[in-house]
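Participant: Pasting input.csv here (CSV, C-alpha atoms):
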chain,number,residue,atom,x,y,z
W,1,MET,CA,-2.0,-24.3,1.2
W,2,SER,CA,-1.8,-21.4,-1.2
W,3,TYR,CA,-4.4,-21.1,-4.0
W,4,LEU,CA,-2.3,-18.8,-6.2
W,5,SER,CA,1.4,-19.3,-6.3
W,6,ILE,CA,4.0,-17.1,-8.0
W,7,GLU,CA,7.3,-19.0,-8.3
W,8,SER,CA,10.6,-17.4,-9.4
W,9,LEU,CA,8.7,-15.3,-11.9
W,10,SER,CA,10.8,-13.1,-14.2
W,11,LYS,CA,10.1,-10.7,-17.1
W,12,SER,CA,12.4,-8.4,-19.1
W,13,PHE,CA,12.0,-6.2,-22.2
W,14,LYS,CA,15.2,-6.3,-24.1
W,15,GLU,CA,17.9,-5.3,-21.5
W,16,ASP,CA,15.3,-3.8,-19.1
W,17,LYS,CA,14.7,-6.4,-16.3
W,18,ILE,CA,11.2,-5.5,-14.9
W,19,ILE,CA,10.7,-8.3,-12.3
W,20,SER,CA,13.2,-11.0,-11.3
W,21,ASP,CA,12.6,-14.2,-9.3
W,22,LEU,CA,9.4,-13.0,-7.9
W,23,ASP,CA,7.8,-15.3,-5.3
W,24,ALA,CA,4.5,-15.2,-3.4
W,25,LYS,CA,1.8,-17.5,-2.1
W,26,ILE,CA,-1.7,-16.2,-1.9
W,27,SER,CA,-4.6,-17.9,-0.1
W,28,LYS,CA,-8.1,-18.5,-1.4
W,29,GLY,CA,-10.3,-15.5,-0.7
W,30,GLU,CA,-7.3,-13.3,0.3
W,31,PHE,CA,-7.2,-9.6,-0.5
W,32,PHE,CA,-3.6,-9.3,-1.5
W,33,VAL,CA,-2.3,-5.8,-2.2
W,34,VAL,CA,0.8,-5.2,-4.4
W,35,PHE,CA,2.2,-1.8,-3.5
W,36,GLY,CA,5.1,-0.1,-5.1
W,37,PRO,CA,6.3,3.2,-6.7
W,38,SER,CA,5.5,4.1,-10.3
W,39,GLY,CA,7.5,1.9,-12.7
W,40,SER,CA,8.2,-0.9,-10.3
W,41,GLY,CA,6.5,-3.5,-12.4
W,42,LYS,CA,3.1,-3.8,-10.8
W,43,THR,CA,1.1,-3.7,-14.0
W,44,VAL,CA,3.5,-6.0,-15.8
W,45,LEU,CA,2.9,-8.5,-13.0
W,46,LEU,CA,-0.9,-8.3,-13.5
W,47,ARG,CA,-0.4,-8.8,-17.3
W,48,LEU,CA,1.6,-11.9,-16.5
W,49,LEU,CA,-1.0,-13.3,-14.2
W,50,SER,CA,-3.8,-12.6,-16.6
W,51,GLY,CA,-2.0,-14.1,-19.6
W,52,ILE,CA,-1.6,-11.0,-21.6
W,53,LEU,CA,2.2,-11.4,-21.3
W,54,LEU,CA,4.2,-14.6,-20.9
W,55,PRO,CA,7.0,-14.9,-18.3
W,56,ASP,CA,10.6,-15.4,-19.3
W,57,ASN,CA,11.1,-17.8,-16.4
W,58,GLY,CA,9.2,-19.1,-13.5
W,59,ASN,CA,5.7,-20.5,-12.9
W,60,ILE,CA,2.2,-19.2,-12.1
W,61,LYS,CA,0.1,-21.9,-10.4
W,62,MET,CA,-3.6,-21.9,-9.5
W,63,ASP,CA,-4.8,-24.7,-7.2
W,64,GLU,CA,-1.4,-26.4,-7.8
W,65,LYS,CA,-1.8,-26.4,-11.6
W,66,ILE,CA,0.7,-24.4,-13.8
W,67,ILE,CA,-1.3,-22.0,-15.9
W,68,ASN,CA,1.6,-20.3,-17.8
W,69,GLU,CA,0.5,-21.4,-21.2
W,70,LEU,CA,-3.2,-21.0,-20.8
W,71,HIS,CA,-4.9,-18.3,-22.8
W,72,PRO,CA,-6.4,-15.4,-20.8
W,73,GLU,CA,-10.0,-16.6,-21.3
W,74,ASP,CA,-9.1,-20.0,-19.9
W,75,ARG,CA,-7.6,-18.8,-16.6
W,76,GLU,CA,-10.7,-18.0,-14.5
W,77,ILE,CA,-9.0,-14.6,-13.9
W,78,SER,CA,-10.6,-11.3,-14.7
W,79,MET,CA,-9.1,-7.8,-14.6
W,80,ALA,CA,-10.4,-4.2,-14.0
W,81,PHE,CA,-8.3,-1.3,-15.2
W,82,GLN,CA,-7.6,2.1,-13.8
W,83,ASN,CA,-8.9,3.8,-17.0
W,84,PHE,CA,-12.2,1.9,-16.8
W,85,ALA,CA,-11.9,0.5,-20.4
W,86,LEU,CA,-15.6,0.4,-21.0
W,87,TYR,CA,-17.1,-0.1,-24.5
W,88,PRO,CA,-18.3,3.4,-25.3
W,89,HIS,CA,-21.1,2.2,-27.7
W,90,MET,CA,-22.6,-0.1,-25.1
W,91,LYS,CA,-24.8,0.8,-22.2
W,92,ALA,CA,-23.6,-0.1,-18.7
W,93,TYR,CA,-25.8,-3.2,-18.7
W,94,ASP,CA,-24.2,-4.5,-21.9
W,95,ASN,CA,-20.7,-3.7,-20.7
W,96,ILE,CA,-21.3,-5.7,-17.6
W,97,ALA,CA,-22.9,-8.5,-19.5
W,98,SER,CA,-20.2,-8.8,-22.2
W,99,PRO,CA,-18.0,-11.5,-20.5
W,100,LEU,CA,-21.1,-13.7,-20.0
W,101,ARG,CA,-22.2,-13.3,-23.6
W,102,ALA,CA,-18.7,-14.3,-24.7
W,103,TYR,CA,-19.4,-17.6,-23.0
W,104,LYS,CA,-22.8,-17.9,-24.8
W,105,MET,CA,-24.8,-17.8,-21.6
W,106,ASN,CA,-28.6,-17.5,-22.0
W,107,GLU,CA,-30.1,-14.0,-21.6
W,108,SER,CA,-32.3,-14.8,-18.6
W,109,GLU,CA,-29.3,-16.0,-16.6
W,110,ILE,CA,-27.2,-13.0,-17.8
W,111,GLU,CA,-29.9,-10.6,-16.6
W,112,GLU,CA,-30.0,-12.2,-13.2
W,113,LYS,CA,-26.2,-12.0,-12.8
W,114,VAL,CA,-25.9,-8.5,-14.0
W,115,LYS,CA,-28.6,-7.2,-11.7
W,116,GLU,CA,-27.1,-9.1,-8.8
W,117,VAL,CA,-23.6,-7.5,-9.2
W,118,ALA,CA,-25.2,-4.1,-10.0
W,119,ARG,CA,-27.1,-4.2,-6.7
W,120,LEU,CA,-24.0,-5.1,-4.7
W,121,LEU,CA,-22.1,-2.2,-6.3
W,122,LYS,CA,-25.1,0.2,-6.1
W,123,ILE,CA,-25.4,1.0,-9.8
W,124,GLU,CA,-28.8,-0.5,-10.7
W,125,HIS,CA,-30.0,3.0,-11.6
W,126,VAL,CA,-27.4,3.5,-14.3
W,127,LEU,CA,-27.6,0.2,-16.2
W,128,ASN,CA,-29.5,1.9,-19.1
W,129,GLN,CA,-26.9,4.6,-19.6
W,130,PHE,CA,-23.9,4.9,-21.9
W,131,PRO,CA,-20.4,5.4,-20.4
W,132,LYS,CA,-20.3,9.1,-21.5
W,133,GLU,CA,-23.4,9.7,-19.3
W,134,LEU,CA,-21.7,8.2,-16.2
W,135,SER,CA,-19.6,9.9,-13.5
W,136,ASN,CA,-16.1,8.5,-13.0
W,137,GLY,CA,-17.3,6.8,-9.8
W,138,GLN,CA,-20.1,5.1,-11.8
W,139,LYS,CA,-17.7,4.1,-14.5
W,140,GLN,CA,-15.4,2.5,-12.0
W,141,ARG,CA,-18.2,0.6,-10.4
W,142,THR,CA,-19.4,-0.6,-13.8
W,143,SER,CA,-15.9,-1.7,-14.7
W,144,LEU,CA,-15.7,-3.6,-11.4
W,145,ALA,CA,-19.1,-5.1,-12.0
W,146,ARG,CA,-17.9,-6.4,-15.4
W,147,SER,CA,-14.8,-8.0,-13.8
W,148,LEU,CA,-16.9,-9.7,-11.1
W,149,VAL,CA,-20.1,-10.7,-12.9
W,150,ASN,CA,-18.8,-14.2,-13.9
W,151,LYS,CA,-17.5,-14.8,-10.4
W,152,PRO,CA,-13.9,-15.5,-11.3
W,153,ALA,CA,-11.6,-17.4,-9.1
W,154,VAL,CA,-9.2,-14.5,-9.1
W,155,VAL,CA,-9.8,-10.8,-9.9
W,156,LEU,CA,-6.9,-8.4,-10.7
W,157,LEU,CA,-7.5,-4.8,-9.9
W,158,ASP,CA,-5.1,-2.3,-11.5
W,159,ASP,CA,-5.1,0.8,-9.3
W,160,PRO,CA,-8.9,1.0,-9.8
W,161,LEU,CA,-9.5,4.0,-7.6
W,162,ARG,CA,-6.8,6.2,-9.0
W,163,ASN,CA,-9.1,8.2,-11.4
W,164,VAL,CA,-12.0,8.8,-9.0
W,165,ASP,CA,-12.5,11.7,-6.6
W,166,ALA,CA,-11.6,11.6,-2.9
W,167,LYS,CA,-15.2,11.0,-1.7
W,168,ILE,CA,-15.7,8.0,-4.1
W,169,ARG,CA,-12.3,6.7,-3.2
W,170,PHE,CA,-13.1,6.7,0.5
W,171,GLU,CA,-16.5,5.0,0.0
W,172,MET,CA,-15.0,2.3,-2.2
W,173,ARG,CA,-12.2,1.6,0.3
W,174,LEU,CA,-15.0,0.7,2.7
W,175,GLU,CA,-17.3,-1.1,0.3
W,176,LEU,CA,-14.8,-3.1,-1.9
W,177,PRO,CA,-13.7,-5.6,0.7
W,178,LYS,CA,-17.4,-6.3,1.7
W,179,VAL,CA,-18.5,-6.8,-1.9
W,180,LEU,CA,-15.5,-9.0,-2.8
W,181,LYS,CA,-16.0,-11.2,0.2
W,182,GLU,CA,-19.5,-12.0,-1.0
W,183,PHE,CA,-18.0,-13.3,-4.3
W,184,ASN,CA,-15.4,-15.4,-2.3
W,185,THR,CA,-12.9,-14.4,-4.9
W,186,THR,CA,-9.1,-14.0,-4.5
W,187,VAL,CA,-8.1,-10.4,-5.1
W,188,ILE,CA,-4.8,-9.0,-6.3
W,189,TYR,CA,-5.0,-5.3,-5.9
W,190,ILE,CA,-2.4,-2.9,-7.4
W,191,THR,CA,-1.8,0.6,-5.8
W,192,GLN,CA,0.9,3.2,-5.3
W,193,ASP,CA,-1.0,4.7,-2.4
W,194,TYR,CA,0.3,3.4,0.9
W,195,ARG,CA,-2.9,4.4,2.7
W,196,GLU,CA,-5.0,2.4,0.3
W,197,ALA,CA,-2.7,-0.6,0.7
W,198,MET,CA,-2.9,-0.3,4.5
W,199,ALA,CA,-6.7,0.1,4.5
W,200,LEU,CA,-7.5,-2.7,2.1
W,201,GLY,CA,-4.9,-5.5,2.3
W,202,ASP,CA,-5.1,-8.7,4.3
W,203,ARG,CA,-1.4,-8.7,3.4
W,204,ILE,CA,0.8,-6.3,1.4
W,205,ALA,CA,3.6,-7.2,-0.9
W,206,VAL,CA,6.0,-4.3,-1.4
W,207,LEU,CA,7.4,-4.3,-5.0
W,208,TYR,CA,10.6,-2.5,-6.0
W,209,ASP,CA,14.0,-3.5,-7.5
W,210,GLY,CA,12.1,-6.2,-9.4
W,211,LYS,CA,11.1,-8.3,-6.3
W,212,PHE,CA,8.8,-8.4,-3.3
W,213,ASN,CA,10.9,-6.9,-0.5
W,214,ASP,CA,8.2,-7.3,2.2
W,215,VAL,CA,5.2,-9.6,2.3
W,216,ASP,CA,3.3,-9.2,5.6
W,217,LEU,CA,0.4,-7.8,7.5
W,218,PRO,CA,-0.1,-4.0,7.0
W,219,LYS,CA,0.7,-3.3,10.6
W,220,ASN,CA,4.0,-5.2,10.5
W,221,ILE,CA,5.2,-3.6,7.3
W,222,TYR,CA,4.6,-0.1,8.8
W,223,GLN,CA,6.2,-1.0,12.2
W,224,LYS,CA,8.9,-3.4,11.1
W,225,PRO,CA,9.9,-2.7,7.5
W,226,SER,CA,12.6,-4.8,6.0
W,227,SER,CA,14.6,-1.8,4.9
W,228,LEU,CA,14.9,1.9,4.9
W,229,ILE,CA,13.5,2.0,1.4
W,230,THR,CA,10.3,0.3,2.5
W,231,ALA,CA,10.1,2.5,5.6
W,232,LYS,CA,10.3,5.7,3.4
W,233,LEU,CA,7.5,4.4,1.2
W,234,PHE,CA,5.0,4.1,4.1
W,235,GLY,CA,4.2,7.4,5.9
W,236,ASP,CA,3.4,11.0,5.1
W,237,PRO,CA,5.5,12.9,6.1
W,238,THR,CA,8.2,10.4,5.6
W,239,ILE,CA,10.2,8.8,8.3
W,240,ASN,CA,13.1,10.8,9.8
W,241,ASN,CA,16.4,9.1,9.2
W,242,PHE,CA,20.0,10.0,10.0
W,243,ASN,CA,23.4,8.5,10.7
W,244,VAL,CA,24.2,7.7,14.4
W,245,SER,CA,26.8,6.1,16.6
W,246,VAL,CA,25.1,3.8,19.1
W,247,THR,CA,26.4,3.1,22.6
W,248,HIS,CA,24.7,1.8,25.7
W,249,HIS,CA,23.9,4.0,28.7
W,250,GLN,CA,22.4,2.1,31.7
W,251,GLU,CA,19.1,0.6,30.3
W,252,ASN,CA,18.9,3.1,27.4
W,253,LEU,CA,20.6,3.5,24.0
W,254,LEU,CA,22.7,6.6,23.5
W,255,ILE,CA,22.7,7.7,19.9
W,256,GLU,CA,25.0,10.5,18.7
W,257,ASN,CA,24.8,12.5,15.6
W,258,ASN,CA,27.4,15.3,15.0
W,259,GLY,CA,27.8,15.9,18.7
W,260,GLU,CA,24.1,15.8,19.6
W,261,LYS,CA,23.4,13.0,22.1
W,262,ILE,CA,19.9,11.4,22.4
W,263,LYS,CA,18.8,8.8,24.8
W,264,LEU,CA,16.3,6.2,23.5
W,265,GLN,CA,14.3,3.7,25.6
W,266,ARG,CA,14.3,0.4,23.8
W,267,LYS,CA,13.7,-3.1,24.9
W,268,GLN,CA,15.4,-4.8,21.9
W,269,ASP,CA,19.1,-4.8,22.3
W,270,ILE,CA,21.2,-3.1,19.6
W,271,GLU,CA,25.0,-3.7,19.5
W,272,ASP,CA,27.2,-0.7,19.7
W,273,GLY,CA,28.2,0.6,16.3
W,274,GLU,CA,27.3,2.9,13.3
W,275,TYR,CA,23.8,2.8,12.0
W,276,ILE,CA,21.0,4.8,10.3
W,277,VAL,CA,18.2,5.4,12.8
W,278,GLY,CA,14.7,5.9,11.6
W,279,ILE,CA,12.1,7.6,13.8
W,280,ARG,CA,8.6,8.4,12.5
W,281,PRO,CA,7.2,11.9,13.0
W,282,GLU,CA,4.3,10.7,15.2
W,283,ASP,CA,6.8,9.0,17.5
W,284,ILE,CA,8.5,12.3,18.5
W,285,ILE,CA,6.9,14.1,21.4
W,286,LEU,CA,7.1,17.9,21.2
W,287,SER,CA,6.5,20.0,24.3
W,288,ASN,CA,7.1,23.4,25.9
W,289,SER,CA,8.1,21.6,29.1
W,290,PRO,CA,11.3,19.7,29.7
W,291,ALA,CA,11.0,16.0,30.5
W,292,GLU,CA,13.5,13.3,31.5
W,293,GLU,CA,15.8,12.7,28.5
W,294,SER,CA,14.3,15.5,26.4
W,295,ILE,CA,16.5,17.9,24.4
W,296,ASN,CA,16.2,21.5,23.4
W,297,VAL,CA,15.1,22.2,19.8
W,298,GLU,CA,14.4,25.3,17.7
W,299,PHE,CA,11.0,25.8,16.0
W,300,ARG,CA,11.3,26.2,12.2
W,301,THR,CA,7.8,26.0,10.7
W,302,LYS,CA,4.5,24.0,10.9
W,303,THR,CA,1.9,23.0,8.4
W,304,PRO,CA,-1.4,21.0,8.5
W,305,LEU,CA,-1.3,17.6,6.8
W,306,ASN,CA,-3.9,14.8,6.8
W,307,LEU,CA,-5.8,16.0,9.9
W,308,ARG,CA,-2.5,16.4,11.7
W,309,ILE,CA,-0.1,19.2,12.3
W,310,VAL,CA,3.5,18.7,11.1
W,311,TYR,CA,6.3,20.6,12.8
W,312,LEU,CA,9.8,21.1,11.4
W,313,ILE,CA,12.2,21.5,14.2
W,314,ARG,CA,16.0,21.8,14.4
W,315,LEU,CA,18.4,20.4,16.9
W,316,GLN,CA,21.4,22.4,18.2
W,317,ASN,CA,23.7,20.6,15.7
W,318,GLY,CA,21.6,21.7,12.8
W,319,LEU,CA,19.8,18.4,12.2
W,320,GLU,CA,16.2,19.0,11.2
W,321,LEU,CA,13.4,16.6,12.1
W,322,LEU,CA,9.7,16.4,11.4
W,323,CYS,CA,7.2,15.6,14.1
W,324,SER,CA,3.5,15.4,13.9
W,325,MET,CA,0.5,15.5,16.3
W,326,ASN,CA,-3.3,16.0,16.1
W,327,GLU,CA,-4.9,19.4,16.2
W,328,GLU,CA,-5.8,19.2,19.9
W,329,GLU,CA,-2.3,18.4,20.9
W,330,SER,CA,-1.0,21.2,18.7
W,331,LYS,CA,-3.0,23.8,20.5
W,332,LEU,CA,-0.9,23.1,23.6
W,333,ILE,CA,2.3,24.1,21.8
W,334,ASN,CA,3.5,27.7,21.9
W,335,GLU,CA,6.2,28.0,19.2
W,336,LYS,CA,7.5,31.3,20.7
W,337,ASP,CA,8.6,29.5,23.9
W,338,GLN,CA,11.4,27.1,24.4
W,339,LEU,CA,10.6,23.7,22.8
W,340,TYR,CA,11.8,20.2,23.8
W,341,ILE,CA,11.5,16.8,22.1
W,342,SER,CA,11.6,13.3,23.5
W,343,PHE,CA,11.0,10.0,21.8
W,344,LYS,CA,8.4,7.3,22.4
W,345,PRO,CA,9.8,4.1,23.8
W,346,ASP,CA,10.6,1.2,21.5
W,347,LYS,CA,9.7,3.0,18.3
W,348,SER,CA,13.1,3.7,16.8
W,349,LEU,CA,14.3,1.6,13.8
W,350,PHE,CA,17.9,0.8,13.0
W,351,PHE,CA,19.2,0.1,9.5
W,352,ASP,CA,22.6,-1.1,8.2
W,353,LEU,CA,24.7,1.8,6.8
W,354,GLU,CA,25.6,-0.1,3.6
W,355,THR,CA,22.7,-2.3,2.8
W,356,LYS,CA,19.9,-0.1,4.4
W,357,LYS,CA,18.4,-3.3,5.7
W,358,ASN,CA,16.6,-3.3,9.1
W,359,ILE,CA,19.1,-5.0,11.3
W,360,GLU,CA,16.4,-6.7,13.4
W,361,ASN,CA,15.0,-8.4,10.3
W,362,VAL,CA,18.3,-9.9,9.2
Rewrite the structure of this file - the entire thing - as structure tokens.

Facilitator:
Amino acid sequence: MSYLSIESLSKSFKEDKIISDLDAKISKGEFFVVFGPSGSGKTVLLRLLSGILLPDNGNIKMDEKIINELHPEDREISMAFQNFALYPHMKAYDNIASPLRAYKMNESEIEEKVKEVARLLKIEHVLNQFPKELSNGQKQRTSLARSLVNKPAVVLLDDPLRNVDAKIRFEMRLELPKVLKEFNTTVIYITQDYREAMALGDRIAVLYDGKFNDVDLPKNIYQKPSSLITAKLFGDPTINNFNVSVTHHQENLLIENNGEKIKLQRKQDIEDGEYIVGIRPEDIILSNSPAEESINVEFRTKTPLNLRIVYLIRLQNGLELLCSMNEEESKLINEKDQLYISFKPDKSLFFDLETKKNIENV
């Protein structure tokens, strides 16, 4: 049974429809990541859940109770913002303690709770400092501590690592799930970084065009996206995609693009017809040696990216593709010699020409 339910939730501002008939069921203790491009409505969703905004239609339920009309302070939901939102005139200790003081908790209990959350987030040593004296990483941990100190049932995190440096971001990606598990709180985490979504989420909900287009395990969304739009949002460099005619050749699929014929090994059967094929750069094998079903390609350029080397190559019909490999594999490639590509079995995706939907998810 879900702990937090979003049912047919909609919100518009004048003629601008931000989210429409949004649905999701989130379990108790789940780390639920909402991923989407800038402007897709992620922050509006958090404001609806927190009670800052009211929905036009639909319901928000916690533990089967509708909370649409509850004030923010009555929802057992807290929120941490990407810009930290710390009180500048208060020391870190007082910033963290502020939600507890709002509930008139006695000072000895407040001290115990503040020190507990500060220890978990490793900021005990900055409790006596003002925000202007803190690094961005310390500010973010302080903001998180404030949102967690009263052990809310649900915590909303609005892209909390966006304004910290790469080192702190990496550390927090490792630490956050551990800390939040200790609080046994349900987390809704907003990000527009697909790597962060993949690293943190128990499940990911992909938000664009006003609705959740995929809600699934990170691995499934990457390997079996519902549409070409989702496929393009996950991956750097982005997925190769081009129009093809598909026919069968013995046990393989034969795809043709402007006269170039490529054989793909694939267990799942695809009907003959016209499609968009998607092939991720890491699923293209580049070599100086011809192999069965490989085709000749021309080297265009290469560049390092995220500990991998990305090659831009061109087929004889002019179609350009990206392929990637690790540095050790790259050392075996001589760009001055003839190059060949082949494709890993069962890795190609096929999308409808008109709807751009993954035909295997229909």

Participant: Of the residues W:Val164, W:Ile276, W:Leu174, W:Leu49, which is the one nearest to Ile255 in chain W, using all atoms listed in the file?

Facilitator: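 Of W:Val164, W:Ile276, W:Leu174, W:Leu49, the one nearest Ile255 in chain W, counting all atoms listed in the file, is W:Ile276.
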
Participant: Go ahead and find all residues with at least one atom no further than 9 Å from (21.5, -4.0, 14.4) in the file's coordinates, using all atoms listed in the file; report them as a PyMOL selection string.

Facilitator: chain W and resi 269-273+275+350-352+358-362

Participant: So that I can check the surroundings of Ile333 in chain W, please list as a list in words every protein, DNA and RNA residue that reaches within 8 Å of it, counting all atoms listed in the file and ignoring chain neighbours fewer than 5 positions away.

Facilitator: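 My list of contacting residues is Leu286, Ser287 and Asn288 of chain W.
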
Participant: I want to know what sits within 8 Å of Leu22 in chain W, based on only C-alpha atoms, with residues of the same chain fewer than 5 positions away left out; could you give that as a compact mmCIF listing (two decimals) with C-alpha atoms, in the frame of the given file?

Facilitator:
# COMPACT_ATOMS: atom_id res chain seq x y z
CA ILE W 6 4.00 -17.10 -8.00
CA GLU W 7 7.30 -19.00 -8.30
CA SER W 8 10.60 -17.40 -9.40
CA LEU W 9 8.70 -15.30 -11.90
CA SER W 10 10.80 -13.10 -14.20
CA GLY W 210 12.10 -6.20 -9.40
CA LYS W 211 11.10 -8.30 -6.30
CA PHE W 212 8.80 -8.40 -3.30

Participant: Identify which of the residues W:Ile19, W:Leu253, W:Ile313, W:Ala80 lies closest to Leu157 in chain W, counting only C-alpha atoms when measuring atom-to-atom distances.

Facilitator: W:Ala80

Participant: Report as a list in words all protein, DNA and RNA residues lying within 8 Å of Ile309 in chain W, evaluated on only C-alpha atoms, omitting residues in the same chain fewer than 5 positions from it.

Facilitator: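 Counting only C-alpha atoms, the residues come to Lys302, Thr303, Pro304, Ser324, Met325, Asn326, Glu327 and Ser330 of chain W.
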
Participant: Work out how far CA of Lys263 in chain W is from CA of Leu322 in chain W, in Å to one decimal.

Facilitator: 17.9 Å

Participant: Some atoms are missing, so please complete range 161-168 of chain W with all heavy atoms and return it as a tab-separated table (two decimals), in the frame of the given file.

Facilitator:
chain	number	residue	atom	x	y	z
W	161	LEU	N	-8.98	2.80	-8.17
W	161	LEU	CA	-9.50	4.00	-7.60
W	161	LEU	C	-8.71	5.26	-7.90
W	161	LEU	O	-9.01	6.34	-7.39
W	161	LEU	CB	-9.65	3.85	-6.05
W	161	LEU	CG	-10.43	2.62	-5.57
W	161	LEU	CD1	-10.54	2.63	-4.06
W	161	LEU	CD2	-11.80	2.56	-6.22
W	162	ARG	N	-7.73	5.11	-8.74
W	162	ARG	CA	-6.80	6.20	-9.00
W	162	ARG	C	-7.51	7.40	-9.70
W	162	ARG	O	-7.18	8.56	-9.47
W	162	ARG	CB	-5.64	5.76	-9.87
W	162	ARG	CG	-4.55	6.79	-10.02
W	162	ARG	CD	-3.37	6.21	-10.75
W	162	ARG	NE	-2.28	7.15	-10.84
W	162	ARG	CZ	-1.13	6.92	-11.43
W	162	ARG	NH1	-0.91	5.74	-11.97
W	162	ARG	NH2	-0.19	7.83	-11.48
W	163	ASN	N	-8.49	7.12	-10.57
W	163	ASN	CA	-9.10	8.20	-11.40
W	163	ASN	C	-10.48	8.60	-10.85
W	163	ASN	O	-11.27	9.19	-11.60
W	163	ASN	CB	-9.24	7.71	-12.83
W	163	ASN	CG	-7.88	7.55	-13.48
W	163	ASN	OD1	-6.97	8.34	-13.23
W	163	ASN	ND2	-7.72	6.53	-14.30
W	164	VAL	N	-10.78	8.31	-9.59
W	164	VAL	CA	-12.00	8.80	-9.00
W	164	VAL	C	-11.73	9.80	-7.92
W	164	VAL	O	-10.62	9.88	-7.41
W	164	VAL	CB	-12.87	7.61	-8.43
W	164	VAL	CG1	-13.23	6.63	-9.53
W	164	VAL	CG2	-12.14	6.90	-7.31
W	165	ASP	N	-12.74	10.62	-7.59
W	165	ASP	CA	-12.50	11.70	-6.60
W	165	ASP	C	-12.38	11.14	-5.21
W	165	ASP	O	-12.66	9.97	-4.95
W	165	ASP	CB	-13.58	12.78	-6.72
W	165	ASP	CG	-14.98	12.27	-6.41
W	165	ASP	OD1	-15.12	11.44	-5.48
W	165	ASP	OD2	-15.94	12.69	-7.07
W	166	ALA	N	-11.96	12.02	-4.29
W	166	ALA	CA	-11.60	11.60	-2.90
W	166	ALA	C	-12.82	10.95	-2.22
W	166	ALA	O	-12.65	9.97	-1.49
W	166	ALA	CB	-11.10	12.78	-2.13
W	167	LYS	N	-14.01	11.49	-2.41
W	167	LYS	CA	-15.20	11.00	-1.70
W	167	LYS	C	-15.49	9.54	-2.21
W	167	LYS	O	-15.71	8.64	-1.38
W	167	LYS	CB	-16.41	11.86	-2.01
W	167	LYS	CG	-17.71	11.38	-1.37
W	167	LYS	CD	-18.83	12.38	-1.63
W	167	LYS	CE	-20.14	11.92	-0.97
W	167	LYS	NZ	-20.66	10.67	-1.57
W	168	ILE	N	-15.48	9.33	-3.53
W	168	ILE	CA	-15.70	8.00	-4.10
W	168	ILE	C	-14.65	7.03	-3.64
W	168	ILE	O	-14.90	5.87	-3.29
W	168	ILE	CB	-15.83	8.03	-5.60
W	168	ILE	CG1	-17.01	8.90	-6.06
W	168	ILE	CG2	-15.95	6.63	-6.17
W	168	ILE	CD1	-18.35	8.39	-5.62
